[in-house]
Protein chains: 2
Amino acid sequence: MPESPIRKLVPYAEAAKARGIHVYHLNIGQPDIKTPQLALDAVKNNTIEVLAYSRTEGSEQYRLKIAAYYAKLGIELQANEILVTTGGSEALSFAMGTIADFGDEIIIPEPFYANYNGFATAMGVTVVPIVSKIENNFALPPIESFEALIGPKTRAILICNPGNPTGYLYSQEEIEKLVKLVKKHDIFLIADEVYREFTYDGSTHHSILNYPEIQKQALLVDSVSKRYSMCGARIGCLVSRNQEVIQTALKFAQARLSPPTYAQIASEAALDTPQSYFDEVKEEYVERRDLLIEELEKIKGIKVARPRGAFYCIAELPVADADDFAQWLLESFEYNGETVMVAPAAGFYASSGLGKNQIRIAYVLEKESLKKAVQILREGLIKYQAQ
Amino acid sequence: MPESPIRKLVPYAEAAKARGIHVYHLNIGQPDIKTPQLALDAVKNNTIEVLAYSRTEGSEQYRLKIAAYYAKLGIELQANEILVTTGGSEALSFAMGTIADFGDEIIIPEPFYANYNGFATAMGVTVVPIVSKIENNFALPPIESFEALIGPKTRAILICNPGNPTGYLYSQEEIEKLVKLVKKHDIFLIADEVYREFTYDGSTHHSILNYPEIQKQALLVDSVSKRYSMCGARIGCLVSRNQEVIQTALKFAQARLSPPTYAQIASEAALDTPQSYFDEVKEEYVERRDLLIEELEKIKGIKVARPRGAFYCIAELPVADADDFAQWLLESFEYNGETVMVAPAAGFYASSGLGKNQIRIAYVLEKESLKKAVQILREGLIKYQAQ
């Protein structure tokens with residue numbers, strides 16, 4: 001199993017804290033946004049006496065409510081096309097296990113969410129990366145490059161839209177190109193759309209479920225984690241209009257019995273979250289992003305990919321080894337008793353040697369902290385370069 | 001992925017209910033026992049505002065409390081030897097993924113908990129069954145039979161103690177034989193001890209963690225599901241004194257981020273459950289078992305393995321195909337508007353053809369229902385045989 005690129009710095013962060021240094025966490029996608037009160041209340045007001053297994057696929061009632069959520073997005077689904085999972089993580093894991101056998105390949109544009117590697121390894125699936133570049137904000141690589149990688153073992157293309165760690169939002173044209181490609185080669189298209197609501201600048205999110213021509217090939221991975229700031233619930237879902245896919249995924253689900261009951265109570269209630277909550281959250285993220293980009297661009301020699309979705313951005317630093325720099329920030333640096341933790345981006349690439357001077361920044365802190373954190377990053381860079 | 005032996009009857013049970021027939025569920029290990037109030041209250045009184053990821057391995061505080069639980073059983077552990085998982089299911093899955101590569105083998109006495117097959121398939125591990133027999137209550141098969149199956153691909157022996165679906169409790173002598181065997185062949189011993197507290201007739205449970213000579217080879221799978229009647233929590237743990245094992249399992253855990261937060265609150269509180277709760281529960285199960293066995297033995301031609309632990313028993317019926325009989329009970333039979341659902345035991349065997357005339361009965365219903373259910377089973381058998 002590959003190690004998470006974030007995890008390996010954790011001991012250094014803990015050591016820094018033990019030395020009394022305050023650490024700003026730009027390294028992990030744990031939002032500070034309050035969970036909708038109605039979701040919290042639903043759990044506090046539960047009337048459970050025997051905390052029993054729930055249905056393997058999630059309750060009918062919850063899945064019907066999820067279907068209603070998608071209907072509002074213009075995506076018509078039946079409850080039996082939705083499999084409730086223990087986080088988006090499990091949906092990804094089921095998706096890979098369902099469509100691929102040992103040694104099969106899945107093509108993923110890199111940089112990508114590092115845990116894709118973990119699930120692939122666990123399931124015996126080979127990740128075939130295709131590089132997307134900071135120079136064009138991590139847009140979809142040319143479709144010919146995908147085509148060149150498709151072989152007899154290729155089972156799927158996996159995208160994250162909007163992207164973690166890139167913040168890139170695929171355009172309608174890009175999604176359509178992918179749809180045509182998977183249709184042509186009769187492979188699956190898996191989309192991790194957990195950041196669907198986090199799109200900025202008036203841009204529109206285009207779901208792969210909007211394309212009836214690939215309804216047997218489209219697998220959607222979703223999660224309540226970021227949408228409702230409920231990362232600790234561990235509830236997500238796998239969606240497909242291909243009943244063969246759902247029935248196979250259900251067998252993986254049956255082995256683990258059921259998703260967590262309390263978390264389903266919270267997640268079902270969260271579906272009633274008013275639009276005003278999302279409007280406020282989105283406004284907050286846009287302000288954070290703008291502030292972050294503005295502050296980062298003040299740093300000499302930095303290159304930033306402007307994100308239009310999610311709450312991450314990749315920055316290229318004027319250092320040879322961002323991994324070493326990130327460790328140094330925690331191990332050997334402080335600025336007025338504070339430092340910052342970032343995620344070295346090399347871990348988000350499957351191709352070795354790529355992204356070595358890049359970091360991923362999660363803008364999940366309130367603006368004042370975010371501003372301070374970037375200032376510390378700048379001071380750190382100056383001192384690190386001077387060495 | 002293999003299908004669960006219980007699941008395939010579910011549509012027939014649903015159809016029976018739709019026809020207005022009351023179905024007694026002897027087919028699934030979902031206890032009707034009330035969850036300890038202090039666990040339920042801990043969740044109701046939680047003060048979470050941001051439902052954040054917990055630590056991947058479970059909070060230090062919870063793991064220290066788990067260690068204290070084991071200490072009371074005479075098993076000394078450090079917090080870093082415990083990895084909190086999403087149910088015992090995940091602990092099993094991590095255990096297999098950690099110690100075995102694709103194509104490696106794990107020896108398991110059959111009949112065994114059917115989901116072992118599911119996790120093994122998902123992880124690319126081959127299950128090598130070794131038959132235990134109803135004639136001797138499903139005691140440990142002769143150690144020479146194990147030895148005959150150990151080859152270069154054998155990575156572990158997996159036992160469930162007390163056993164699901166057999167209710168068999170391994171003696172100290174049996175555990176010691178296994179300990180010697182895995183020591184001799186330098187393979188792992190995985191024990192699923194989730195029913196540890198459910199031992200009857202003054203018998204003692206012998207944990208594999210009590211044997212320092214295999215401390216690098218012993219992996220314990222545990223769960224709160226049955227102990228506190230908290231199946232819906234989805235919290236368990238993987239325990240090993242082998243740090244290499246824990247560190248590898250931790251990588252699997254990191255990919256899925258964290259176990260569910262609310263469930264950990266309930267599970268941590270549950271550790272304060274007073275002994276009186278367990279005494280009452282155990283007394284209830286002993287009474288149920290005694291009643292069940294007494295009622296079953298009134299049925300002509302039945303053979304029952306007397307369970308000394310857990311809350312399952314295997315019965316051999318005077319039918320050729322218990323699968324057909326179980327389906328018939330749901331599809332074509334009723335007794336005063338009621339019928340009974342049992343789990344055909346063939347699905348608990350990996351060797352095809354075994355257990356075809358056996359069923360697993362979970363005695364998780366209160367005594368009056370249990371008695372009625374067995375009466376219905378008897379009436380059903382009479383009518384089925386008469387056909």
# chains A, B, ... in the order shown; residues from 1 in each chain; ligands from 1
>>> residues_around(residues="region 218-226 of chain A", least_positions_apart="5", cutoff="9 Å", atoms="only C-alpha atoms", output="PyMOL selection string")
(chain A and resi 29-31+85-89+91-92+95+179+188-196+207-209+211+231-242+245+267+270+310) or (chain B and resi 51-53)
>>> closest_atom_pairs(of="chain A", to="chain B", cutoff="7 Å", atoms="only C-alpha atoms", output="Markdown table")
| residue | atom | partner | partner_atom | distance |
| --- | --- | --- | --- | --- |
| A:Met1 | CA | B:Lys251 | CA | 6.1 |
| A:Glu3 | CA | B:Lys251 | CA | 6.1 |
| A:Gln30 | CA | B:Ala52 | CA | 6.7 |
| A:Asp32 | CA | B:Val50 | CA | 6.9 |
| A:Ile33 | CA | B:Val50 | CA | 6.7 |
| A:Lys34 | CA | B:Val50 | CA | 4.9 |
| A:Thr35 | CA | B:Val50 | CA | 5.1 |
| A:Val43 | CA | B:Lys44 | CA | 6.7 |
| A:Lys44 | CA | B:Lys44 | CA | 4.2 |
| A:Asn45 | CA | B:Lys44 | CA | 6.5 |
| A:Glu49 | CA | B:Lys34 | CA | 5.9 |
| A:Val50 | CA | B:Lys34 | CA | 4.9 |
| A:Leu51 | CA | B:Met230 | CA | 4.8 |
| A:Ala52 | CA | B:Gly232 | CA | 4.5 |
| A:Tyr53 | CA | B:Gly232 | CA | 4.2 |
| A:Ser54 | CA | B:Gly232 | CA | 6.3 |
| A:Ser89 | CA | B:Arg256 | CA | 5.3 |
| A:Gly97 | CA | B:Ala122 | CA | 6.9 |
| A:Asn115 | CA | B:Ala255 | CA | 5.0 |
| A:Gly118 | CA | B:Ala255 | CA | 5.5 |
| A:Phe119 | CA | B:Ala255 | CA | 6.7 |
| A:Ala122 | CA | B:Met123 | CA | 6.7 |
| A:Met123 | CA | B:Met123 | CA | 6.2 |
| A:Ser229 | CA | B:Leu51 | CA | 6.7 |
| A:Met230 | CA | B:Leu51 | CA | 4.8 |
| A:Cys231 | CA | B:Ala52 | CA | 5.0 |
| A:Gly232 | CA | B:Tyr53 | CA | 4.1 |
| A:Ala233 | CA | B:Pro260 | CA | 5.4 |
| A:Arg234 | CA | B:Pro260 | CA | 5.5 |
| A:Lys251 | CA | B:Met1 | CA | 6.1 |
| A:Phe252 | CA | B:Met1 | CA | 6.9 |
| A:Ala255 | CA | B:Asn115 | CA | 5.0 |
| A:Arg256 | CA | B:Ser89 | CA | 5.3 |
| A:Pro260 | CA | B:Ala233 | CA | 5.4 |
| A:Thr261 | CA | B:Gly232 | CA | 5.1 |
| A:Tyr262 | CA | B:Tyr262 | CA | 6.5 |
| A:Ala263 | CA | B:Tyr262 | CA | 7.0 |
>>> select_by_dssp(residues="region 163-353 of chain B", states="strand (DSSP E)", output="MDAnalysis selection string")
chainID B and resid 188:192 218:223 236:240 303:304 312:316 338:341 343:344
>>> write_last_selection(atoms="C-alpha atoms", output="compact mmCIF listing (two decimals), in the first residue's frame")
# COMPACT_ATOMS: atom_id res chain seq x y z
CA PHE B 188 -0.33 -15.82 11.02
CA LEU B 189 -3.22 -16.75 13.29
CA ILE B 190 -6.24 -14.50 12.87
CA ALA B 191 -9.00 -14.84 15.45
CA ASP B 192 -12.41 -13.28 15.16
CA ALA B 218 -1.51 -13.09 16.21
CA LEU B 219 -4.12 -10.77 14.69
CA LEU B 220 -7.32 -10.20 16.63
CA VAL B 221 -10.54 -9.03 15.01
CA ASP B 222 -13.03 -7.42 17.36
CA SER B 223 -16.28 -5.48 17.20
CA GLY B 236 -14.57 -2.69 15.51
CA CYS B 237 -10.84 -2.98 15.84
CA LEU B 238 -7.83 -4.87 14.58
CA VAL B 239 -5.34 -5.73 17.31
CA SER B 240 -1.78 -6.92 16.86
CA LYS B 303 -29.49 -33.34 14.71
CA VAL B 304 -28.31 -30.29 16.66
CA TYR B 312 -26.03 -19.45 16.67
CA CYS B 313 -26.51 -23.13 16.25
CA ILE B 314 -26.33 -25.46 13.30
CA ALA B 315 -29.07 -28.04 12.90
CA GLU B 316 -29.13 -30.93 10.45
CA GLU B 338 -46.83 -17.13 10.33
CA THR B 339 -43.65 -18.66 9.01
CA VAL B 340 -39.95 -18.72 9.78
CA MET B 341 -36.79 -17.67 7.97
CA ALA B 343 -30.18 -19.50 6.91
CA PRO B 344 -29.35 -22.56 4.79
>>> residues_around(residues="region 60-63 of chain A", least_positions_apart="3", cutoff="10 Å", atoms="only C-alpha atoms", output="list in words")
Arg55, Glu57, Ile66, Ala67, Ala68, Tyr69, Leu77, Gln78, Ala79, Asn80, Glu81, Ile82, Leu83, Val84, Cys237, Gln264, Ile265, Ser267, Glu268, Ala269 and Leu271 of chain A
>>> write_last_selection(atoms="N, CA, C and O atoms", output="PDB file, in the first residue's frame")
ATOM      1  N   ARG A  55     -30.196  -1.281   6.304  1.00  0.00           N
ATOM      2  CA  ARG A  55     -30.144  -2.043   5.054  1.00  0.00           C
ATOM      3  C   ARG A  55     -28.782  -1.868   4.417  1.00  0.00           C
ATOM      4  O   ARG A  55     -28.206  -0.784   4.449  1.00  0.00           O
ATOM      5  N   GLU A  57     -27.878  -1.508   1.409  1.00  0.00           N
ATOM      6  CA  GLU A  57     -27.818  -0.491   0.361  1.00  0.00           C
ATOM      7  C   GLU A  57     -28.312   0.865   0.852  1.00  0.00           C
ATOM      8  O   GLU A  57     -28.401   1.811   0.079  1.00  0.00           O
ATOM      9  N   ILE A  66     -32.286  10.898  -1.647  1.00  0.00           N
ATOM     10  CA  ILE A  66     -31.094  11.187  -2.461  1.00  0.00           C
ATOM     11  C   ILE A  66     -31.513  11.364  -3.923  1.00  0.00           C
ATOM     12  O   ILE A  66     -31.045  12.280  -4.609  1.00  0.00           O
ATOM     13  N   ALA A  67     -32.425  10.492  -4.377  1.00  0.00           N
ATOM     14  CA  ALA A  67     -32.915  10.599  -5.765  1.00  0.00           C
ATOM     15  C   ALA A  67     -33.561  11.965  -5.994  1.00  0.00           C
ATOM     16  O   ALA A  67     -33.374  12.593  -7.044  1.00  0.00           O
ATOM     17  N   ALA A  68     -34.297  12.450  -4.988  1.00  0.00           N
ATOM     18  CA  ALA A  68     -34.937  13.764  -5.109  1.00  0.00           C
ATOM     19  C   ALA A  68     -33.884  14.873  -5.186  1.00  0.00           C
ATOM     20  O   ALA A  68     -34.054  15.862  -5.918  1.00  0.00           O
ATOM     21  N   TYR A  69     -32.787  14.697  -4.454  1.00  0.00           N
ATOM     22  CA  TYR A  69     -31.679  15.669  -4.526  1.00  0.00           C
ATOM     23  C   TYR A  69     -31.127  15.733  -5.948  1.00  0.00           C
ATOM     24  O   TYR A  69     -30.940  16.810  -6.528  1.00  0.00           O
ATOM     25  N   LEU A  77     -33.209   9.649 -11.265  1.00  0.00           N
ATOM     26  CA  LEU A  77     -32.701   8.358 -10.795  1.00  0.00           C
ATOM     27  C   LEU A  77     -33.767   7.612 -10.020  1.00  0.00           C
ATOM     28  O   LEU A  77     -34.645   8.218  -9.402  1.00  0.00           O
ATOM     29  N   GLN A  78     -33.674   6.289 -10.033  1.00  0.00           N
ATOM     30  CA  GLN A  78     -34.497   5.447  -9.170  1.00  0.00           C
ATOM     31  C   GLN A  78     -33.686   5.130  -7.911  1.00  0.00           C
ATOM     32  O   GLN A  78     -32.449   5.136  -7.951  1.00  0.00           O
ATOM     33  N   ALA A  79     -34.384   4.796  -6.824  1.00  0.00           N
ATOM     34  CA  ALA A  79     -33.692   4.447  -5.581  1.00  0.00           C
ATOM     35  C   ALA A  79     -32.739   3.268  -5.792  1.00  0.00           C
ATOM     36  O   ALA A  79     -31.651   3.226  -5.209  1.00  0.00           O
ATOM     37  N   ASN A  80     -33.122   2.327  -6.656  1.00  0.00           N
ATOM     38  CA  ASN A  80     -32.273   1.137  -6.839  1.00  0.00           C
ATOM     39  C   ASN A  80     -31.059   1.393  -7.732  1.00  0.00           C
ATOM     40  O   ASN A  80     -30.317   0.476  -8.056  1.00  0.00           O
ATOM     41  N   GLU A  81     -30.874   2.643  -8.128  1.00  0.00           N
ATOM     42  CA  GLU A  81     -29.654   3.010  -8.862  1.00  0.00           C
ATOM     43  C   GLU A  81     -28.651   3.673  -7.929  1.00  0.00           C
ATOM     44  O   GLU A  81     -27.601   4.152  -8.349  1.00  0.00           O
ATOM     45  N   ILE A  82     -29.013   3.703  -6.646  1.00  0.00           N
ATOM     46  CA  ILE A  82     -28.181   4.370  -5.628  1.00  0.00           C
ATOM     47  C   ILE A  82     -27.813   3.357  -4.555  1.00  0.00           C
ATOM     48  O   ILE A  82     -28.682   2.682  -4.003  1.00  0.00           O
ATOM     49  N   LEU A  83     -26.539   3.252  -4.276  1.00  0.00           N
ATOM     50  CA  LEU A  83     -26.058   2.362  -3.219  1.00  0.00           C
ATOM     51  C   LEU A  83     -25.365   3.230  -2.167  1.00  0.00           C
ATOM     52  O   LEU A  83     -24.346   3.864  -2.458  1.00  0.00           O
ATOM     53  N   VAL A  84     -25.951   3.286  -0.969  1.00  0.00           N
ATOM     54  CA  VAL A  84     -25.367   4.112   0.092  1.00  0.00           C
ATOM     55  C   VAL A  84     -24.099   3.422   0.614  1.00  0.00           C
ATOM     56  O   VAL A  84     -24.098   2.214   0.854  1.00  0.00           O
ATOM     57  N   CYS A 237     -22.250   7.657  -1.598  1.00  0.00           N
ATOM     58  CA  CYS A 237     -23.014   6.696  -2.396  1.00  0.00           C
ATOM     59  C   CYS A 237     -22.348   6.443  -3.743  1.00  0.00           C
ATOM     60  O   CYS A 237     -21.561   7.251  -4.222  1.00  0.00           O
ATOM     61  N   GLN A 264     -26.271   7.860   8.848  1.00  0.00           N
ATOM     62  CA  GLN A 264     -27.346   7.926   7.855  1.00  0.00           C
ATOM     63  C   GLN A 264     -28.476   8.840   8.323  1.00  0.00           C
ATOM     64  O   GLN A 264     -29.107   9.521   7.512  1.00  0.00           O
ATOM     65  N   ILE A 265     -28.711   8.858   9.632  1.00  0.00           N
ATOM     66  CA  ILE A 265     -29.726   9.772  10.178  1.00  0.00           C
ATOM     67  C   ILE A 265     -29.323  11.215   9.886  1.00  0.00           C
ATOM     68  O   ILE A 265     -30.112  12.027   9.407  1.00  0.00           O
ATOM     69  N   SER A 267     -27.217  12.243   7.610  1.00  0.00           N
ATOM     70  CA  SER A 267     -27.116  12.493   6.169  1.00  0.00           C
ATOM     71  C   SER A 267     -28.489  12.681   5.531  1.00  0.00           C
ATOM     72  O   SER A 267     -28.666  13.499   4.632  1.00  0.00           O
ATOM     73  N   GLU A 268     -29.450  11.898   6.017  1.00  0.00           N
ATOM     74  CA  GLU A 268     -30.798  12.047   5.478  1.00  0.00           C
ATOM     75  C   GLU A 268     -31.362  13.422   5.836  1.00  0.00           C
ATOM     76  O   GLU A 268     -31.933  14.115   4.997  1.00  0.00           O
ATOM     77  N   ALA A 269     -31.151  13.822   7.090  1.00  0.00           N
ATOM     78  CA  ALA A 269     -31.633  15.141   7.515  1.00  0.00           C
ATOM     79  C   ALA A 269     -30.929  16.250   6.735  1.00  0.00           C
ATOM     80  O   ALA A 269     -31.537  17.263   6.378  1.00  0.00           O
ATOM     81  N   LEU A 271     -30.147  16.480   3.814  1.00  0.00           N
ATOM     82  CA  LEU A 271     -30.727  16.742   2.489  1.00  0.00           C
ATOM     83  C   LEU A 271     -31.755  17.873   2.516  1.00  0.00           C
ATOM     84  O   LEU A 271     -32.106  18.421   1.473  1.00  0.00           O
TER      85      LEU A 271
END
>>> closest_residue(among="B:Ala139, B:Ile359, B:Ile75, B:Val182", to="Asn161 (chain B)", atoms="only C-alpha atoms")
B:Ala139
>>> residues_around(residues="Gln387 (chain A)", least_positions_apart="6", cutoff="12 Å", atoms="only C-alpha atoms", output="list in words")
Val319, Phe325, Trp328, Ser332, Gly380 and Leu381 of chain A
>>> atom_distance(atom1="CA of Pro274 (chain A)", atom2="CA of Gly74 (chain A)")
18.0 Å
>>> atom_distance(atom1="CA of Lys282 (chain B)", atom2="CA of Arg378 (chain B)")
26.7 Å
>>> atom_distance(atom1="CA of Glu331 (chain B)", atom2="CA of Ala13 (chain B)")
7.8 Å
>>> select_by_dssp(residues="region 140-281 of chain A", states="helix (DSSP H, G or I)", output="MDAnalysis selection string")
chainID A and resid 143:149 172:185 208:210 212:214 243:255 261:270 275:281
>>> decode(residues="region 360-371 of chain A", atoms="all heavy atoms", output="PDB file, in the first residue's frame")
ATOM      1  N   ARG A 360      -0.042  21.229  -2.548  1.00  0.00           N
ATOM      2  CA  ARG A 360      -1.484  21.438  -2.572  1.00  0.00           C
ATOM      3  C   ARG A 360      -1.857  22.229  -1.328  1.00  0.00           C
ATOM      4  O   ARG A 360      -1.418  21.914  -0.214  1.00  0.00           O
ATOM      5  CB  ARG A 360      -2.256  20.124  -2.547  1.00  0.00           C
ATOM      6  CG  ARG A 360      -3.782  20.353  -2.659  1.00  0.00           C
ATOM      7  CD  ARG A 360      -4.600  19.121  -2.351  1.00  0.00           C
ATOM      8  NE  ARG A 360      -4.602  18.812  -0.919  1.00  0.00           N
ATOM      9  CZ  ARG A 360      -5.343  17.863  -0.352  1.00  0.00           C
ATOM     10  NH1 ARG A 360      -6.129  17.112  -1.103  1.00  0.00           N
ATOM     11  NH2 ARG A 360      -5.276  17.639   0.949  1.00  0.00           N
ATOM     12  N   ILE A 361      -2.645  23.281  -1.543  1.00  0.00           N
ATOM     13  CA  ILE A 361      -3.146  24.088  -0.427  1.00  0.00           C
ATOM     14  C   ILE A 361      -4.661  23.916  -0.355  1.00  0.00           C
ATOM     15  O   ILE A 361      -5.361  24.102  -1.349  1.00  0.00           O
ATOM     16  CB  ILE A 361      -2.795  25.578  -0.627  1.00  0.00           C
ATOM     17  CG1 ILE A 361      -1.274  25.760  -0.551  1.00  0.00           C
ATOM     18  CG2 ILE A 361      -3.508  26.446   0.402  1.00  0.00           C
ATOM     19  CD1 ILE A 361      -0.819  27.176  -0.843  1.00  0.00           C
ATOM     20  N   ALA A 362      -5.154  23.531   0.816  1.00  0.00           N
ATOM     21  CA  ALA A 362      -6.604  23.460   1.029  1.00  0.00           C
ATOM     22  C   ALA A 362      -7.010  24.751   1.719  1.00  0.00           C
ATOM     23  O   ALA A 362      -6.495  25.069   2.788  1.00  0.00           O
ATOM     24  CB  ALA A 362      -6.952  22.252   1.891  1.00  0.00           C
ATOM     25  N   TYR A 363      -7.909  25.504   1.091  1.00  0.00           N
ATOM     26  CA  TYR A 363      -8.313  26.774   1.724  1.00  0.00           C
ATOM     27  C   TYR A 363      -9.538  26.568   2.600  1.00  0.00           C
ATOM     28  O   TYR A 363     -10.609  27.080   2.358  1.00  0.00           O
ATOM     29  CB  TYR A 363      -8.465  27.934   0.734  1.00  0.00           C
ATOM     30  CG  TYR A 363      -9.171  27.705  -0.574  1.00  0.00           C
ATOM     31  CD1 TYR A 363     -10.488  28.147  -0.766  1.00  0.00           C
ATOM     32  CD2 TYR A 363      -8.528  27.116  -1.654  1.00  0.00           C
ATOM     33  CE1 TYR A 363     -11.140  27.983  -1.983  1.00  0.00           C
ATOM     34  CE2 TYR A 363      -9.174  26.934  -2.871  1.00  0.00           C
ATOM     35  CZ  TYR A 363     -10.482  27.358  -3.028  1.00  0.00           C
ATOM     36  OH  TYR A 363     -11.122  27.190  -4.227  1.00  0.00           O
ATOM     37  N   VAL A 364      -9.286  25.831   3.661  1.00  0.00           N
ATOM     38  CA  VAL A 364     -10.357  25.449   4.581  1.00  0.00           C
ATOM     39  C   VAL A 364     -10.272  26.212   5.909  1.00  0.00           C
ATOM     40  O   VAL A 364     -10.933  25.850   6.873  1.00  0.00           O
ATOM     41  CB  VAL A 364     -10.324  23.925   4.852  1.00  0.00           C
ATOM     42  CG1 VAL A 364     -10.682  23.147   3.595  1.00  0.00           C
ATOM     43  CG2 VAL A 364      -8.961  23.497   5.364  1.00  0.00           C
ATOM     44  N   LEU A 365      -9.450  27.261   5.935  1.00  0.00           N
ATOM     45  CA  LEU A 365      -9.354  28.081   7.157  1.00  0.00           C
ATOM     46  C   LEU A 365     -10.042  29.418   6.918  1.00  0.00           C
ATOM     47  O   LEU A 365     -10.128  29.886   5.781  1.00  0.00           O
ATOM     48  CB  LEU A 365      -7.886  28.328   7.515  1.00  0.00           C
ATOM     49  CG  LEU A 365      -7.001  27.107   7.719  1.00  0.00           C
ATOM     50  CD1 LEU A 365      -5.595  27.536   8.120  1.00  0.00           C
ATOM     51  CD2 LEU A 365      -7.593  26.192   8.788  1.00  0.00           C
ATOM     52  N   GLU A 366     -10.513  30.035   7.984  1.00  0.00           N
ATOM     53  CA  GLU A 366     -11.152  31.337   7.803  1.00  0.00           C
ATOM     54  C   GLU A 366     -10.082  32.343   7.353  1.00  0.00           C
ATOM     55  O   GLU A 366      -8.893  32.134   7.542  1.00  0.00           O
ATOM     56  CB  GLU A 366     -11.922  31.756   9.051  1.00  0.00           C
ATOM     57  CG  GLU A 366     -11.206  31.562  10.374  1.00  0.00           C
ATOM     58  CD  GLU A 366     -10.341  32.741  10.742  1.00  0.00           C
ATOM     59  OE1 GLU A 366     -10.572  33.822  10.190  1.00  0.00           O
ATOM     60  OE2 GLU A 366      -9.420  32.556  11.572  1.00  0.00           O
ATOM     61  N   LYS A 367     -10.565  33.441   6.750  1.00  0.00           N
ATOM     62  CA  LYS A 367      -9.685  34.313   5.973  1.00  0.00           C
ATOM     63  C   LYS A 367      -8.483  34.860   6.736  1.00  0.00           C
ATOM     64  O   LYS A 367      -7.373  34.884   6.215  1.00  0.00           O
ATOM     65  CB  LYS A 367     -10.500  35.466   5.372  1.00  0.00           C
ATOM     66  CG  LYS A 367     -11.468  34.984   4.287  1.00  0.00           C
ATOM     67  CD  LYS A 367     -12.282  36.094   3.662  1.00  0.00           C
ATOM     68  CE  LYS A 367     -13.418  36.581   4.512  1.00  0.00           C
ATOM     69  NZ  LYS A 367     -14.600  35.708   4.552  1.00  0.00           N
ATOM     70  N   GLU A 368      -8.694  35.249   7.984  1.00  0.00           N
ATOM     71  CA  GLU A 368      -7.582  35.835   8.727  1.00  0.00           C
ATOM     72  C   GLU A 368      -6.454  34.802   8.903  1.00  0.00           C
ATOM     73  O   GLU A 368      -5.276  35.105   8.695  1.00  0.00           O
ATOM     74  CB  GLU A 368      -8.078  36.321  10.098  1.00  0.00           C
ATOM     75  CG  GLU A 368      -7.193  37.386  10.712  1.00  0.00           C
ATOM     76  CD  GLU A 368      -7.736  37.851  12.064  1.00  0.00           C
ATOM     77  OE1 GLU A 368      -8.974  37.768  12.265  1.00  0.00           O
ATOM     78  OE2 GLU A 368      -6.934  38.252  12.915  1.00  0.00           O
ATOM     79  N   SER A 369      -6.843  33.583   9.247  1.00  0.00           N
ATOM     80  CA  SER A 369      -5.849  32.515   9.416  1.00  0.00           C
ATOM     81  C   SER A 369      -5.174  32.197   8.086  1.00  0.00           C
ATOM     82  O   SER A 369      -3.966  31.967   8.013  1.00  0.00           O
ATOM     83  CB  SER A 369      -6.510  31.239   9.944  1.00  0.00           C
ATOM     84  OG  SER A 369      -7.069  31.472  11.205  1.00  0.00           O
ATOM     85  N   LEU A 370      -5.991  32.184   7.038  1.00  0.00           N
ATOM     86  CA  LEU A 370      -5.476  31.867   5.712  1.00  0.00           C
ATOM     87  C   LEU A 370      -4.417  32.891   5.299  1.00  0.00           C
ATOM     88  O   LEU A 370      -3.338  32.538   4.807  1.00  0.00           O
ATOM     89  CB  LEU A 370      -6.653  31.885   4.727  1.00  0.00           C
ATOM     90  CG  LEU A 370      -6.454  31.238   3.368  1.00  0.00           C
ATOM     91  CD1 LEU A 370      -6.136  29.754   3.502  1.00  0.00           C
ATOM     92  CD2 LEU A 370      -7.748  31.390   2.539  1.00  0.00           C
ATOM     93  N   LYS A 371      -4.712  34.145   5.549  1.00  0.00           N
ATOM     94  CA  LYS A 371      -3.786  35.228   5.196  1.00  0.00           C
ATOM     95  C   LYS A 371      -2.485  35.067   5.969  1.00  0.00           C
ATOM     96  O   LYS A 371      -1.393  35.128   5.403  1.00  0.00           O
ATOM     97  CB  LYS A 371      -4.438  36.577   5.508  1.00  0.00           C
ATOM     98  CG  LYS A 371      -3.676  37.753   4.943  1.00  0.00           C
ATOM     99  CD  LYS A 371      -4.514  39.028   4.991  1.00  0.00           C
ATOM    100  CE  LYS A 371      -3.698  40.186   4.421  1.00  0.00           C
ATOM    101  NZ  LYS A 371      -4.511  41.413   4.280  1.00  0.00           N
TER     102      LYS A 371
END
